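Below is the file coords-v4.cif, which contains mmCIF, C-alpha atoms.
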data_run
loop_
_atom_site.label_atom_id
_atom_site.label_comp_id
_atom_site.auth_asym_id
_atom_site.auth_seq_id
_atom_site.Cartn_x
_atom_site.Cartn_y
_atom_site.Cartn_z
CA MET A 1 21.22 14.62 24.47
CA ARG A 2 23.00 11.68 26.11
CA VAL A 3 24.91 9.19 24.01
CA ASP A 4 22.60 6.30 24.91
CA ASP A 5 19.56 8.45 24.07
CA GLU A 6 21.09 9.28 20.70
CA ALA A 7 21.67 5.61 20.08
CA GLY A 8 18.11 4.83 21.11
CA VAL A 9 16.68 7.38 18.71
CA LEU A 10 18.81 6.10 15.83
CA ALA A 11 17.74 2.54 16.69
CA ALA A 12 14.06 3.54 16.64
CA ASN A 13 14.58 5.27 13.31
CA ALA A 14 16.29 2.13 11.96
CA THR A 15 13.41 -0.01 13.26
CA PHE A 16 10.98 2.17 11.32
CA TYR A 17 12.83 1.59 8.03
CA GLU A 18 13.31 -2.12 8.70
CA ALA A 19 9.58 -2.50 9.34
CA PHE A 20 8.83 -0.48 6.20
CA ASP A 21 11.28 -2.48 4.05
CA ARG A 22 10.15 -5.86 5.40
CA CYS A 23 6.43 -4.96 5.32
CA ASP A 24 6.32 -5.81 9.02
CA VAL A 25 2.98 -4.43 10.18
CA ALA A 26 3.30 -5.64 13.79
CA THR A 27 6.63 -3.87 14.34
CA MET A 28 5.28 -0.73 12.69
CA GLU A 29 2.28 -0.77 15.04
CA ARG A 30 4.50 -1.18 18.10
CA LEU A 31 6.75 1.68 17.05
CA TRP A 32 4.12 4.45 16.91
CA ALA A 33 3.38 6.37 20.11
CA ARG A 34 0.25 5.65 22.14
CA ARG A 35 0.04 8.55 24.61
CA VAL A 36 0.32 11.52 22.25
CA LEU A 37 -1.38 12.34 18.99
CA VAL A 38 0.66 11.05 16.08
CA ALA A 39 0.77 12.45 12.57
CA CYS A 40 1.98 11.08 9.26
CA ILE A 41 2.54 12.84 5.97
CA HIS A 42 3.14 10.31 3.21
CA PRO A 43 4.63 11.78 0.01
CA GLY A 44 1.97 13.89 -1.67
CA TRP A 45 -0.74 12.96 0.85
CA ALA A 46 -2.69 15.26 3.12
CA PRO A 47 -1.60 14.89 6.75
CA LEU A 48 -3.06 11.98 8.68
CA PHE A 49 -3.68 12.46 12.41
CA GLY A 50 -4.21 9.91 15.14
CA ARG A 51 -2.98 6.39 15.70
CA ASP A 52 -5.96 4.71 14.02
CA GLU A 53 -5.76 6.74 10.84
CA VAL A 54 -1.95 6.56 10.63
CA LEU A 55 -1.75 2.81 11.25
CA LYS A 56 -4.58 2.16 8.79
CA SER A 57 -2.46 3.88 6.13
CA TRP A 58 0.60 1.81 7.01
CA HIS A 59 -1.42 -1.39 6.92
CA ALA A 60 -2.61 -0.50 3.42
CA ILE A 61 0.91 0.39 2.24
CA LEU A 62 2.68 -2.58 3.79
CA THR A 63 0.14 -5.18 2.71
CA GLY A 64 -0.45 -3.66 -0.74
CA PRO A 65 1.17 -4.76 -3.98
CA GLY A 66 3.29 -1.66 -4.43
CA ALA A 67 5.27 -1.49 -1.18
CA PRO A 68 8.74 -0.27 -2.17
CA ARG A 69 12.08 -1.59 -0.95
CA ILE A 70 13.50 1.19 1.16
CA SER A 71 16.55 1.98 3.22
CA CYS A 72 17.64 4.93 5.32
CA SER A 73 20.77 6.93 4.61
CA ASN A 74 22.50 9.81 6.39
CA PRO A 75 20.31 10.06 9.51
CA VAL A 76 20.95 13.21 11.55
CA VAL A 77 19.56 13.31 15.11
CA HIS A 78 18.47 16.59 16.73
CA GLY A 79 17.76 16.36 20.45
CA LEU A 80 14.62 18.25 21.56
CA GLY A 81 15.01 18.18 25.33
CA ASP A 82 15.09 14.94 27.33
CA ALA A 83 11.95 13.37 25.96
CA ALA A 84 11.91 14.06 22.23
CA ALA A 85 14.16 14.05 19.19
CA LEU A 86 13.88 14.44 15.48
CA VAL A 87 15.75 12.67 12.73
CA VAL A 88 16.30 14.07 9.25
CA CYS A 89 17.32 11.36 6.79
CA VAL A 90 17.30 10.29 3.19
CA GLU A 91 15.07 7.42 2.09
CA VAL A 92 16.67 5.43 -0.71
CA MET A 93 14.34 3.50 -2.96
CA PRO A 94 14.69 1.88 -6.37
CA GLY A 95 14.91 4.72 -8.84
CA GLY A 96 15.11 7.61 -6.45
CA ALA A 97 15.27 9.14 -3.03
CA MET A 98 13.00 10.96 -0.63
CA VAL A 99 13.86 13.16 2.30
CA ALA A 100 12.16 12.53 5.63
CA THR A 101 11.62 14.11 9.01
CA ASN A 102 10.89 11.57 11.74
CA VAL A 103 10.01 12.73 15.25
CA PHE A 104 10.24 10.48 18.31
CA VAL A 105 9.13 10.82 21.93
CA ARG A 106 10.20 8.81 24.94
CA GLU A 107 7.20 6.79 26.08
CA ASP A 108 7.31 4.10 28.78
CA GLY A 109 11.08 3.97 28.47
CA ALA A 110 11.09 3.47 24.69
CA TRP A 111 11.54 5.87 21.80
CA ARG A 112 8.31 5.87 19.86
CA MET A 113 7.41 7.62 16.62
CA VAL A 114 5.14 10.63 16.84
CA GLN A 115 5.53 11.95 13.32
CA HIS A 116 6.79 10.94 9.87
CA HIS A 117 6.93 13.38 6.97
CA ALA A 118 8.44 12.24 3.68
CA GLY A 119 8.63 14.06 0.39
CA PRO A 120 10.42 14.20 -2.91
CA VAL A 121 13.86 15.63 -3.35
CA ALA A 122 15.73 16.40 -6.54
CA GLY A 123 19.36 15.70 -7.26
CA LEU A 124 20.29 14.55 -3.80
CA PRO A 125 23.80 13.27 -3.31
CA VAL A 126 23.67 10.21 -1.04
CA SER A 127 26.91 9.54 0.79
CA ASP A 128 27.61 6.70 3.16
CA HIS A 129 29.17 8.39 6.15
CA GLY A 130 28.47 5.69 8.68
CA GLY A 131 25.54 5.18 10.95
CA GLY A 132 24.49 8.73 11.47
CA ARG A 133 25.46 12.15 12.72
CA THR A 134 24.17 13.43 15.99
CA VAL A 135 23.66 17.03 17.00
CA HIS A 136 23.36 18.08 20.61
CA MET B 1 1.43 21.20 27.15
CA ARG B 2 0.18 24.29 28.97
CA VAL B 3 -2.29 26.61 27.31
CA ASP B 4 0.14 29.53 27.24
CA ASP B 5 2.82 27.30 25.75
CA GLU B 6 0.39 26.18 23.05
CA ALA B 7 -0.39 29.81 22.31
CA GLY B 8 3.32 30.62 22.20
CA VAL B 9 4.02 27.85 19.71
CA LEU B 10 1.12 28.92 17.48
CA ALA B 11 2.36 32.52 17.68
CA ALA B 12 5.87 31.47 16.65
CA ASN B 13 4.43 29.48 13.77
CA ALA B 14 2.36 32.51 12.72
CA THR B 15 5.47 34.71 12.94
CA PHE B 16 7.25 32.35 10.56
CA TYR B 17 4.53 32.66 7.92
CA GLU B 18 4.21 36.43 8.38
CA ALA B 19 7.96 36.81 7.87
CA PHE B 20 7.78 34.52 4.83
CA ASP B 21 4.79 36.36 3.34
CA ARG B 22 6.23 39.84 4.00
CA CYS B 23 9.77 38.87 2.91
CA ASP B 24 10.94 40.04 6.33
CA VAL B 25 14.51 38.72 6.57
CA ALA B 26 15.22 40.24 10.00
CA THR B 27 12.22 38.56 11.65
CA MET B 28 13.07 35.27 9.96
CA GLU B 29 16.63 35.48 11.32
CA ARG B 30 15.39 36.18 14.84
CA LEU B 31 12.96 33.26 14.74
CA TRP B 32 15.47 30.46 14.09
CA ALA B 33 17.13 28.82 17.09
CA ARG B 34 20.70 29.65 18.05
CA ARG B 35 21.65 26.97 20.58
CA VAL B 36 20.74 23.81 18.67
CA LEU B 37 21.43 22.69 15.14
CA VAL B 38 18.63 23.77 12.85
CA ALA B 39 17.51 22.07 9.65
CA CYS B 40 15.37 23.18 6.73
CA ILE B 41 13.89 21.14 3.91
CA HIS B 42 12.49 23.44 1.25
CA PRO B 43 10.14 21.73 -1.23
CA GLY B 44 12.23 19.45 -3.43
CA TRP B 45 15.54 20.55 -1.92
CA ALA B 46 18.10 18.43 -0.13
CA PRO B 47 18.11 19.12 3.63
CA LEU B 48 20.04 22.17 4.79
CA PHE B 49 21.73 21.99 8.20
CA GLY B 50 22.99 24.77 10.44
CA ARG B 51 21.92 28.33 11.01
CA ASP B 52 24.27 29.83 8.42
CA GLU B 53 23.16 27.52 5.62
CA VAL B 54 19.47 27.74 6.51
CA LEU B 55 19.41 31.53 6.84
CA LYS B 56 21.39 31.93 3.63
CA SER B 57 18.62 30.02 1.85
CA TRP B 58 15.91 32.19 3.39
CA HIS B 59 17.78 35.34 2.44
CA ALA B 60 17.92 34.14 -1.15
CA ILE B 61 14.22 33.21 -1.18
CA LEU B 62 12.94 36.33 0.57
CA THR B 63 15.03 38.79 -1.42
CA GLY B 64 14.60 36.98 -4.75
CA PRO B 65 12.10 37.81 -7.47
CA GLY B 66 9.97 34.70 -7.00
CA ALA B 67 9.02 34.84 -3.32
CA PRO B 68 5.42 33.60 -3.15
CA ARG B 69 2.57 35.06 -1.13
CA ILE B 70 1.87 32.49 1.53
CA SER B 71 -0.43 31.91 4.46
CA CYS B 72 -0.83 29.17 7.02
CA SER B 73 -4.02 27.15 7.43
CA ASN B 74 -5.12 24.47 9.89
CA PRO B 75 -2.10 24.44 12.24
CA VAL B 76 -2.08 21.48 14.63
CA VAL B 77 0.28 21.67 17.62
CA HIS B 78 1.83 18.53 19.13
CA GLY B 79 3.60 19.07 22.44
CA LEU B 80 6.95 17.24 22.76
CA GLY B 81 7.68 17.65 26.45
CA ASP B 82 8.13 21.04 28.10
CA ALA B 83 10.71 22.45 25.75
CA ALA B 84 9.68 21.44 22.25
CA ALA B 85 6.65 21.22 20.00
CA LEU B 86 5.84 20.52 16.42
CA VAL B 87 3.22 22.07 14.20
CA VAL B 88 1.71 20.39 11.16
CA CYS B 89 -0.02 22.88 8.88
CA VAL B 90 -1.07 23.64 5.35
CA GLU B 91 0.70 26.38 3.41
CA VAL B 92 -1.67 28.15 1.05
CA MET B 93 -0.11 29.86 -1.96
CA PRO B 94 -1.46 31.18 -5.25
CA GLY B 95 -2.36 28.15 -7.30
CA GLY B 96 -1.82 25.48 -4.69
CA ALA B 97 -0.97 24.23 -1.26
CA MET B 98 1.94 22.60 0.52
CA VAL B 99 2.00 20.67 3.75
CA ALA B 100 4.58 21.56 6.38
CA THR B 101 6.11 20.26 9.56
CA ASN B 102 7.57 23.01 11.73
CA VAL B 103 9.46 22.15 14.92
CA PHE B 104 10.09 24.64 17.71
CA VAL B 105 12.22 24.60 20.87
CA ARG B 106 12.05 26.88 23.88
CA GLU B 107 15.22 28.95 23.93
CA ASP B 108 15.87 31.87 26.29
CA GLY B 109 12.17 32.02 27.07
CA ALA B 110 11.05 32.20 23.44
CA TRP B 111 9.81 29.56 21.03
CA ARG B 112 12.34 29.35 18.23
CA MET B 113 12.28 27.32 15.03
CA VAL B 114 14.56 24.31 14.83
CA GLN B 115 13.18 22.70 11.71
CA HIS B 116 10.96 23.44 8.70
CA HIS B 117 9.99 20.75 6.19
CA ALA B 118 7.58 21.64 3.40
CA GLY B 119 6.46 19.54 0.48
CA PRO B 120 3.79 19.14 -2.14
CA VAL B 121 0.39 17.71 -1.44
CA ALA B 122 -2.33 16.71 -3.86
CA GLY B 123 -6.03 17.40 -3.54
CA LEU B 124 -5.91 18.85 -0.07
CA PRO B 125 -9.15 20.23 1.33
CA VAL B 126 -8.41 23.46 3.17
CA SER B 127 -10.95 24.35 5.83
CA ASP B 128 -10.95 27.42 8.00
CA HIS B 129 -11.55 26.05 11.48
CA GLY B 130 -10.13 28.96 13.40
CA GLY B 131 -6.68 29.55 14.76
CA GLY B 132 -5.53 26.02 15.24
CA ARG B 133 -6.07 22.72 16.97
CA THR B 134 -3.88 21.67 19.81
CA VAL B 135 -3.02 18.18 20.90
CA HIS B 136 -1.68 17.41 24.35
#
I need this file expressed as structure tokens, please.
Amino acid sequence: MRVDDEAGVLAANATFYEAFDRCDVATMERLWARRVLVACIHPGWAPLFGRDEVLKSWHAILTGPGAPRISCSNPVVHGLGDAAALVVCVEVMPGGAMVATNVFVREDGAWRMVQHHAGPVAGLPVSDHGGGRTVH
Amino acid sequence: MRVDDEAGVLAANATFYEAFDRCDVATMERLWARRVLVACIHPGWAPLFGRDEVLKSWHAILTGPGAPRISCSNPVVHGLGDAAALVVCVEVMPGGAMVATNVFVREDGAWRMVQHHAGPVAGLPVSDHGGGRTVH
């Protein structure tokens, strides 16, 4: 994966967490892919499929009273050919951490989210080794 | 994604669960990719990166006393370009279910696993709508 593609994927992943943390519904809607089926697995939820169902869930989370502050730590990018990549990262929230898999596809020149899967993790050490590791 | 590619991805996903269910370490080792960094997120674990670390974990699970019987239900394939795909599916075990994201890349003509992320899910209805849905 090219360096600028790696940077683009990390930027899209960062945009996701900024939108989540700031409860920014419009940015979240722009980030999700339009041309492929998307899927989202919120912690403990059954999988949601399709842009309508996924964005409805984000609207409820981001406009609800319990939206957590969240930040992303230790993102690791895996290139999946020229048009897709996945990021494994740790989601840091007040009182704990989750681990997430985020998958992106290149769509109309932008990296857009096609899947988010977050779940609980026990006893995770969170280091701060910079902006991310990338794997080719 | 072409029909034979879809079938190949579903077959690789099925091979993963057969190897898991049968505690077949050799098949599990063959299934994981060699040319890209692999990652595995077992339920509740911190992410494991790299073939050595991931396969060491599978060896421990598959040769240990607590390996669960497991089967895969409702796999949904998402094509990610010509050389990668992800599968979202439900893992059915005695007493409960997990939800999983499995990512595959085409490597030396075969679909090989590059990532597995499984986690708990509450109140999941498990239907039996055949061998899988595919999304283009």
When distances are computed from only C-alpha atoms, which of B:Arg2, B:His78, B:His42, B:Lys56 shows the smallest separation from Gly119 (chain A)?
-> B:His42
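Using the PyMOL selection byres ((chain B) within 8 of (chain A)) on this structure selects Val36, Leu37, Pro43, Gly44, Trp45, Ala46, Pro47, His78, Leu80, Gly81, Asp82, Ala83, Ala84, Val88, Val99, Thr101, Val105, His117, Gly119, Pro120, Val121, Ala122, Gly123, Leu124, Val135 and His136 of chain B.
Taking CA of Asn74 (chain A) as the reference point, CA of Ala26 (chain A) is found at 25.7 Å.
CA of Arg112 (chain A) is found 5.0 Å from CA of Ala33 (chain A).
Distance-wise, CA of Thr63 (chain B) and CA of Glu107 (chain B) end up 27.2 Å apart.
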Evaluate the PyMOL selection byres ((chain B and resi 11-16) around 8) and record the selected residues as a PyMOL selection string, following the chain and residue labels used in the document.
-> chain B and resi 7-10+17-20+27-28+31+72+87+102+111-113
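In this comparison, which uses all atoms listed in the file, the residue of B:Arg51, B:Asp108, B:Pro94, B:Val3 approaching Arg69 (chain B) most closely is B:Pro94.
Distance annotation: of B:Asp52, B:Asp24, B:Ile61, B:Ser73, the residue with the minimal separation from Met93 (chain B) is B:Ser73; atom set is all atoms listed in the file.
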Residues selected by the PyMOL selection byres ((chain A and resi 71) around 6), written as a list in words = Ile70, Cys72, Glu91 and Val92 of chain A
